[in-house]
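Data first, discussion second: the structure below is written as C-alpha cells.
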Amino acid sequence: MSRTDASVVKTTLLFVVALAMAGACAGGSQHVSSSLPRSSSVDPPRRDIRALAIIPAKQSACPGQPIAARYEATLGDGSRVKLGEADLSRLAFRGIAALPATGGDWTTSGDPLESVVSGFLLSVALASDPGVHADTVIAPSYSCARTSVGLRVSDRYNVEKARVRLGVFPSPFHDSIVVASVEPEGAAPIIIILDPPRMRVRTVIISASGKPGAAGRAGNPGNDGGQCQNGSDGSDGDSGENGESGGQVDIITQADAPWLESIVAVSNAGGRGGAAGPGGRGGRPGPRTSEPGCNPTYGRSGRPGRPGSDGSAGPYPTKSTAERSLLWRGSPIWFDSTARTNLEQLMELKSRRR
C-alpha cells in the first residue's frame, strides 16, 4: 500500500472506526452490517476473554472478493488463544463495505466506491460486553477490476449514447486513484477505479458497436421432376441486411487532468453486413424411360443474394473538461447517497493535500 501522507491516512482510518461505532448506535447510511454467527460446536465457550484480535488472511482485497480471517483472544491470565466456533458464537460481527459470512469469514461489497475511503472495515466485539472489541481495515485493491465495458448495440431504432467521466484523487490507501464513471443513457453508471500501476493509455475500453445485419434467407430448392421431366429451378437467395452504425461515446475529464482522456479507448465500429443468402438448389431430374427424347435434366440453382454493407462507425468521441467532472447536483452519481458521500470525501482529501 502506498502512503504519501501518513497523517492523513491515520486520520482517515480513525474516522472509519468512529463511523462504524456511530453506525452501531444510529444505524448510519453507510453499508454497516452485523450478525451473530451460530455455532455447531459442542465445546463450551471461553468465559474469561479480556481482549480480541482479528487476523485476516490478506491485507488487501478487490471489491467483491471474500476475506478469510481467524480470531484470537487475550484471556484473564494474559495468554493468547485462537477462538473456535463456540467462541465465535459469543461475538457480534460488524462491517463497513463487508458482510460477515459463516465461520468468521467476510464477503466484501462489489461496489468499488463503497470502500474507496473506508476500506473494508471488519469489527468484532463480545456480544455481552461491546467494550471488548477489535477492528481492522483491509485495503481495497483494484488489480482485478474489470476495465472493459460493452454497451448495448445500436440499431435503427436506438443509437446507444454514453459518457465517460474521469477524475483523479488522492486515496487513504494509494498515492492516487482514477475514478471512471461510464454512464449509458437510461442505465445506471458503471464505476471503474484504477490504481497507479493501471493508469495506462487505453486501459478502459468501451465497446459501442452497431448491430450486425441479419443474413439473407436461402432460396427455396427446385422441385424434383416427374417421369421424363426436368427438375425445376431453385429460387434466388435474399440479400443480407446492412449493418447498423456504431454508438456515440463522449469523454469528460477533470479540468486539471486532461491527460485522463488517454486512459479511455472507444470502439464504436459499425455492425458487419449480413451474409448473402445462398441460392436454392435446382430440382433433380425425374426418372428416365425408354421413350424417345426422355432425357430430363437438373433444374438451375438459384443465384445467391448480395451481402449486406457494413454499418458506418459511430462519431469520434467529443472530449471536454469540467472542474467537477464526476459529481454535481443532478449527475448520475448524485442520486446514490453512498457514492456521493465517498466522492465528496475524496474531493475533501484532495483539497487538504493541495
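Within each chain, counting starts at residue 1; across the C-alpha cells, chains are named A, B, ... in the order shown, with ligands numbered 1 upward in that order.
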Mind checking DSSP for range 176-352 of chain A and telling me the strand (DSSP E) residues as a ChimeraX atom specification?
/A:177-184,190-194,204-207,248-254,264-267,319-322
Could those residues be written to a file, using C-alpha atoms, as a compact mmCIF listing (two decimals), in the first residue's frame?
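Final file, again.txt:
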# COMPACT_ATOMS: atom_id res chain seq x y z
CA ILE A 177 -6.57 6.71 -7.93
CA VAL A 178 -8.55 7.37 -11.09
CA VAL A 179 -12.32 7.08 -10.81
CA ALA A 180 -14.11 6.48 -14.12
CA SER A 181 -17.89 6.56 -14.38
CA VAL A 182 -19.31 5.01 -17.55
CA GLU A 183 -22.81 6.41 -17.95
CA PRO A 184 -25.03 4.90 -20.66
CA ILE A 190 -20.64 1.64 -14.14
CA ILE A 191 -17.77 2.60 -11.81
CA ILE A 192 -14.15 1.64 -12.53
CA ILE A 193 -11.27 2.54 -10.20
CA LEU A 194 -7.63 2.39 -11.28
CA VAL A 204 -10.55 1.49 -20.04
CA ILE A 205 -12.10 0.07 -23.20
CA ILE A 206 -15.66 1.00 -24.14
CA SER A 207 -17.40 -1.00 -26.88
CA GLN A 248 -21.60 7.56 -29.55
CA VAL A 249 -19.31 7.76 -26.50
CA ASP A 250 -18.10 11.12 -25.22
CA ILE A 251 -15.32 11.71 -22.68
CA ILE A 252 -15.34 14.32 -19.90
CA THR A 253 -12.20 14.72 -17.80
CA GLN A 254 -11.27 16.68 -14.72
CA VAL A 264 -10.07 5.58 -22.44
CA ALA A 265 -10.33 3.74 -25.77
CA VAL A 266 -13.65 3.76 -27.61
CA SER A 267 -14.56 1.06 -30.12
CA LYS A 319 -13.77 15.41 -25.45
CA SER A 320 -14.31 18.12 -22.86
CA THR A 321 -13.23 19.07 -19.35
CA ALA A 322 -15.08 20.13 -16.22
8 Å contact set for range 334-351 of chain A, only C-alpha atoms, chain neighbours under 5 positions out, as a list in words
Ser29, Gln30, Leu113, Glu114, Val116, Val117, Phe169, Pro170, Ser171, Leu327, Trp328 and Arg329 of chain A
Hey, could you make a per-residue contact list for range 133-152 of chain A against range 47-58 of chain A with 12 Å as the cut-off, showing the nearest pair of atoms and its distance in Å to one decimal, counting only C-alpha atoms, sorted by chain and number, as CSV?
residue,atom,partner,partner_atom,distance
A:His133,CA,A:Leu52,CA,5.8
A:Ala134,CA,A:Leu52,CA,5.4
A:Asp135,CA,A:Ile54,CA,7.0
A:Thr136,CA,A:Ile54,CA,6.8
A:Val137,CA,A:Pro56,CA,9.4
A:Ile138,CA,A:Lys58,CA,7.7
A:Ala139,CA,A:Lys58,CA,9.4
A:Pro140,CA,A:Lys58,CA,11.0
A:Ser141,CA,A:Lys58,CA,11.1
Using only C-alpha atoms, which residues sit within 12 Å of Asp233 in chain A once same-chain residues fewer than 4 positions away are excluded, as a list in words?
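Everything that qualifies: Gly219, Asn220, Pro221, Gly222, Asn223, Asp224, Gly225, Gly279, Gly280, Arg281, Gly282, Gly283, Arg284, Pro285, Thr297, Tyr298, Gly299, Arg300, Ser301, Gly302 and Arg303 of chain A.
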Please write the residues from the selection above to a file, keeping N, CA and C atoms, as a PDB file, in the first residue's frame.
ATOM      1  N   GLY A 219     -32.505 -19.305 -50.806  1.00  0.00           N
ATOM      2  CA  GLY A 219     -33.537 -19.548 -51.793  1.00  0.00           C
ATOM      3  C   GLY A 219     -34.172 -20.921 -51.615  1.00  0.00           C
ATOM      4  N   ASN A 220     -35.393 -21.076 -52.083  1.00  0.00           N
ATOM      5  CA  ASN A 220     -36.085 -22.369 -51.994  1.00  0.00           C
ATOM      6  C   ASN A 220     -35.536 -23.330 -53.054  1.00  0.00           C
ATOM      7  N   PRO A 221     -35.426 -24.598 -52.715  1.00  0.00           N
ATOM      8  CA  PRO A 221     -34.966 -25.558 -53.712  1.00  0.00           C
ATOM      9  C   PRO A 221     -36.040 -25.800 -54.776  1.00  0.00           C
ATOM     10  N   GLY A 222     -35.551 -26.153 -55.962  1.00  0.00           N
ATOM     11  CA  GLY A 222     -36.498 -26.503 -57.017  1.00  0.00           C
ATOM     12  C   GLY A 222     -37.136 -27.859 -56.753  1.00  0.00           C
ATOM     13  N   ASN A 223     -38.303 -28.066 -57.352  1.00  0.00           N
ATOM     14  CA  ASN A 223     -38.978 -29.355 -57.217  1.00  0.00           C
ATOM     15  C   ASN A 223     -38.336 -30.399 -58.132  1.00  0.00           C
ATOM     16  N   ASP A 224     -38.303 -31.620 -57.638  1.00  0.00           N
ATOM     17  CA  ASP A 224     -37.809 -32.712 -58.480  1.00  0.00           C
ATOM     18  C   ASP A 224     -38.807 -32.992 -59.605  1.00  0.00           C
ATOM     19  N   GLY A 225     -38.251 -33.359 -60.772  1.00  0.00           N
ATOM     20  CA  GLY A 225     -39.114 -33.648 -61.907  1.00  0.00           C
ATOM     21  C   GLY A 225     -39.812 -34.994 -61.786  1.00  0.00           C
ATOM     22  N   GLY A 279     -28.379 -19.379 -52.986  1.00  0.00           N
ATOM     23  CA  GLY A 279     -29.468 -19.749 -53.878  1.00  0.00           C
ATOM     24  C   GLY A 279     -29.953 -21.161 -53.602  1.00  0.00           C
ATOM     25  N   GLY A 280     -31.228 -21.389 -53.894  1.00  0.00           N
ATOM     26  CA  GLY A 280     -31.767 -22.732 -53.717  1.00  0.00           C
ATOM     27  C   GLY A 280     -31.244 -23.686 -54.784  1.00  0.00           C
ATOM     28  N   ARG A 281     -31.031 -24.926 -54.432  1.00  0.00           N
ATOM     29  CA  ARG A 281     -30.531 -25.894 -55.404  1.00  0.00           C
ATOM     30  C   ARG A 281     -31.620 -26.201 -56.436  1.00  0.00           C
ATOM     31  N   GLY A 282     -31.157 -26.584 -57.632  1.00  0.00           N
ATOM     32  CA  GLY A 282     -32.112 -26.984 -58.652  1.00  0.00           C
ATOM     33  C   GLY A 282     -32.730 -28.337 -58.337  1.00  0.00           C
ATOM     34  N   GLY A 283     -33.939 -28.525 -58.815  1.00  0.00           N
ATOM     35  CA  GLY A 283     -34.595 -29.806 -58.601  1.00  0.00           C
ATOM     36  C   GLY A 283     -33.926 -30.931 -59.390  1.00  0.00           C
ATOM     37  N   ARG A 284     -34.012 -32.157 -58.868  1.00  0.00           N
ATOM     38  CA  ARG A 284     -33.404 -33.305 -59.545  1.00  0.00           C
ATOM     39  C   ARG A 284     -34.285 -33.747 -60.728  1.00  0.00           C
ATOM     40  N   PRO A 285     -33.640 -34.283 -61.753  1.00  0.00           N
ATOM     41  CA  PRO A 285     -34.435 -34.746 -62.901  1.00  0.00           C
ATOM     42  C   PRO A 285     -35.270 -35.963 -62.529  1.00  0.00           C
ATOM     43  N   THR A 297     -33.241 -33.222 -67.147  1.00  0.00           N
ATOM     44  CA  THR A 297     -32.035 -32.604 -66.582  1.00  0.00           C
ATOM     45  C   THR A 297     -32.353 -31.941 -65.232  1.00  0.00           C
ATOM     46  N   TYR A 298     -31.264 -31.599 -64.523  1.00  0.00           N
ATOM     47  CA  TYR A 298     -31.393 -30.866 -63.260  1.00  0.00           C
ATOM     48  C   TYR A 298     -31.880 -29.444 -63.533  1.00  0.00           C
ATOM     49  N   GLY A 299     -32.656 -28.929 -62.601  1.00  0.00           N
ATOM     50  CA  GLY A 299     -33.027 -27.523 -62.674  1.00  0.00           C
ATOM     51  C   GLY A 299     -31.838 -26.636 -62.300  1.00  0.00           C
ATOM     52  N   ARG A 300     -31.907 -25.371 -62.709  1.00  0.00           N
ATOM     53  CA  ARG A 300     -30.833 -24.424 -62.411  1.00  0.00           C
ATOM     54  C   ARG A 300     -30.888 -24.018 -60.933  1.00  0.00           C
ATOM     55  N   SER A 301     -29.704 -23.937 -60.319  1.00  0.00           N
ATOM     56  CA  SER A 301     -29.648 -23.445 -58.940  1.00  0.00           C
ATOM     57  C   SER A 301     -29.904 -21.942 -58.910  1.00  0.00           C
ATOM     58  N   GLY A 302     -30.548 -21.483 -57.857  1.00  0.00           N
ATOM     59  CA  GLY A 302     -30.784 -20.052 -57.722  1.00  0.00           C
ATOM     60  C   GLY A 302     -29.497 -19.293 -57.464  1.00  0.00           C
ATOM     61  N   ARG A 303     -29.508 -18.010 -57.795  1.00  0.00           N
ATOM     62  CA  ARG A 303     -28.331 -17.166 -57.567  1.00  0.00           C
ATOM     63  C   ARG A 303     -28.293 -16.705 -56.107  1.00  0.00           C
TER      64      ARG A 303
END
Within range 154-351 of chain A, find each residue whose DSSP state, derived from the backbone, is alpha helix (DSSP H), and express the selection as number ranges by chain.
A: 337-351
Just write the chosen residues, N, CA and C atoms, as a PDB file, in the first residue's frame.
ATOM      1  N   SER A 337     -26.552   7.894  -2.627  1.00  0.00           N
ATOM      2  CA  SER A 337     -26.062   8.611  -1.444  1.00  0.00           C
ATOM      3  C   SER A 337     -24.695   8.115  -0.986  1.00  0.00           C
ATOM      4  N   THR A 338     -24.455   6.801  -1.043  1.00  0.00           N
ATOM      5  CA  THR A 338     -23.157   6.268  -0.619  1.00  0.00           C
ATOM      6  C   THR A 338     -22.055   6.714  -1.558  1.00  0.00           C
ATOM      7  N   ALA A 339     -22.306   6.593  -2.878  1.00  0.00           N
ATOM      8  CA  ALA A 339     -21.299   7.009  -3.857  1.00  0.00           C
ATOM      9  C   ALA A 339     -21.025   8.505  -3.745  1.00  0.00           C
ATOM     10  N   ARG A 340     -22.080   9.286  -3.577  1.00  0.00           N
ATOM     11  CA  ARG A 340     -21.899  10.738  -3.480  1.00  0.00           C
ATOM     12  C   ARG A 340     -21.071  11.098  -2.255  1.00  0.00           C
ATOM     13  N   THR A 341     -21.393  10.490  -1.108  1.00  0.00           N
ATOM     14  CA  THR A 341     -20.655  10.787   0.116  1.00  0.00           C
ATOM     15  C   THR A 341     -19.183  10.443  -0.023  1.00  0.00           C
ATOM     16  N   ASN A 342     -18.881   9.282  -0.607  1.00  0.00           N
ATOM     17  CA  ASN A 342     -17.484   8.874  -0.729  1.00  0.00           C
ATOM     18  C   ASN A 342     -16.724   9.745  -1.728  1.00  0.00           C
ATOM     19  N   LEU A 343     -17.365  10.152  -2.818  1.00  0.00           N
ATOM     20  CA  LEU A 343     -16.697  11.059  -3.751  1.00  0.00           C
ATOM     21  C   LEU A 343     -16.444  12.420  -3.106  1.00  0.00           C
ATOM     22  N   GLU A 344     -17.397  12.899  -2.324  1.00  0.00           N
ATOM     23  CA  GLU A 344     -17.193  14.172  -1.637  1.00  0.00           C
ATOM     24  C   GLU A 344     -16.022  14.076  -0.660  1.00  0.00           C
ATOM     25  N   GLN A 345     -15.871  12.923   0.000  1.00  0.00           N
ATOM     26  CA  GLN A 345     -14.741  12.752   0.914  1.00  0.00           C
ATOM     27  C   GLN A 345     -13.423  12.695   0.150  1.00  0.00           C
ATOM     28  N   LEU A 346     -13.411  12.084  -1.029  1.00  0.00           N
ATOM     29  CA  LEU A 346     -12.198  12.092  -1.855  1.00  0.00           C
ATOM     30  C   LEU A 346     -11.842  13.516  -2.280  1.00  0.00           C
ATOM     31  N   MET A 347     -12.853  14.301  -2.637  1.00  0.00           N
ATOM     32  CA  MET A 347     -12.609  15.691  -3.032  1.00  0.00           C
ATOM     33  C   MET A 347     -12.062  16.495  -1.856  1.00  0.00           C
ATOM     34  N   GLU A 348     -12.611  16.242  -0.657  1.00  0.00           N
ATOM     35  CA  GLU A 348     -12.114  16.945   0.522  1.00  0.00           C
ATOM     36  C   GLU A 348     -10.670  16.551   0.814  1.00  0.00           C
ATOM     37  N   LEU A 349     -10.353  15.276   0.678  1.00  0.00           N
ATOM     38  CA  LEU A 349      -8.986  14.811   0.891  1.00  0.00           C
ATOM     39  C   LEU A 349      -8.048  15.467  -0.108  1.00  0.00           C
ATOM     40  N   LYS A 350      -8.507  15.619  -1.345  1.00  0.00           N
ATOM     41  CA  LYS A 350      -7.688  16.265  -2.377  1.00  0.00           C
ATOM     42  C   LYS A 350      -7.424  17.728  -2.041  1.00  0.00           C
ATOM     43  N   SER A 351      -8.462  18.422  -1.575  1.00  0.00           N
ATOM     44  CA  SER A 351      -8.282  19.839  -1.251  1.00  0.00           C
ATOM     45  C   SER A 351      -7.351  20.013  -0.067  1.00  0.00           C
TER      46      SER A 351
END
For range 311-315 of chain A, work out the shell of residues within 7 Å, counting only C-alpha atoms and skipping chain neighbours fewer than 3 positions away, then give it as JSON, numbers by chain.
{"A": [210, 242, 243, 244, 245, 246, 247, 248, 268, 269, 270, 271, 272, 273]}
Find, counting only C-alpha atoms, the residue in A:Pro332, A:Ala257, A:Asn295, A:Gly274 that gets nearest to Gly167 in chain A.
A:Ala257
For CA of Gly308 in chain A and CA of Ser235 in chain A, quote the distance in Å rounded to one decimal.
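Taking CA of Gly308 in chain A and CA of Ser235 in chain A, their separation equals 19.0 Å.
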Could you please determine the separation between CA of Asp105 in chain A and CA of Pro66 in chain A in Å, to one decimal place?
7.4 Å
Grab the CA of Leu121 in chain A to CA of Ala69 in chain A distance for me, in Å with one decimal place.
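Atom-to-atom, CA of Leu121 in chain A to CA of Ala69 in chain A, that is 12.7 Å.
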Of the candidates A:Tyr71, A:Phe173, A:Tyr157, A:Phe93, which one gets nearest to Gln59 in chain A if we count only C-alpha atoms?
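So, comparing all the options, the nearest one is A:Phe173.
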Best match for closeness to Pro258 in chain A among A:Ala208, A:Val168, A:Met199, A:Ala218, counting only C-alpha atoms:
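Of A:Ala208, A:Val168, A:Met199, A:Ala218, the one nearest Pro258 in chain A is A:Val168, counting only C-alpha atoms.
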Compile the contact shell of Ala98 in chain A as an NGL selection string: residues with an atom at most 6 Å away, counting only C-alpha atoms, same-chain residues fewer than 4 positions apart removed.
:A and (107-109 or 120)
Using only C-alpha atoms, which residues sit within 12 Å of Pro292 in chain A once same-chain residues fewer than 4 positions away are excluded, as a PyMOL selection string?
chain A and resi 228+288+296
With a distance cut-off of 10 Å and only C-alpha atoms, select the neighbouring residues of Arg217 in chain A, excluding the residue or stretch itself and same-chain residues fewer than 6 positions from it, and output the selection as an mmCIF file with C-alpha atoms, in the first residue's frame.
data_model
loop_
_atom_site.group_PDB
_atom_site.id
_atom_site.type_symbol
_atom_site.label_atom_id
_atom_site.label_comp_id
_atom_site.auth_asym_id
_atom_site.auth_seq_id
_atom_site.Cartn_x
_atom_site.Cartn_y
_atom_site.Cartn_z
ATOM 1 C CA ASP A 236 -32.561 -16.849 -55.698
ATOM 2 C CA GLY A 237 -31.279 -16.151 -52.184
ATOM 3 C CA ASP A 238 -32.135 -12.891 -50.431
ATOM 4 C CA SER A 239 -29.540 -10.213 -49.807
ATOM 5 C CA GLY A 240 -28.112 -9.781 -46.327
ATOM 6 C CA ALA A 275 -24.119 -12.691 -45.249
ATOM 7 C CA ALA A 276 -25.774 -13.274 -48.618
ATOM 8 C CA GLY A 277 -28.463 -15.890 -48.691
ATOM 9 C CA PRO A 278 -27.424 -18.868 -50.837
ATOM 10 C CA GLY A 279 -29.468 -19.749 -53.878
ATOM 11 C CA GLY A 280 -31.767 -22.732 -53.717
ATOM 12 C CA PRO A 304 -27.008 -16.048 -54.164
ATOM 13 C CA GLY A 305 -28.156 -12.696 -52.844
#
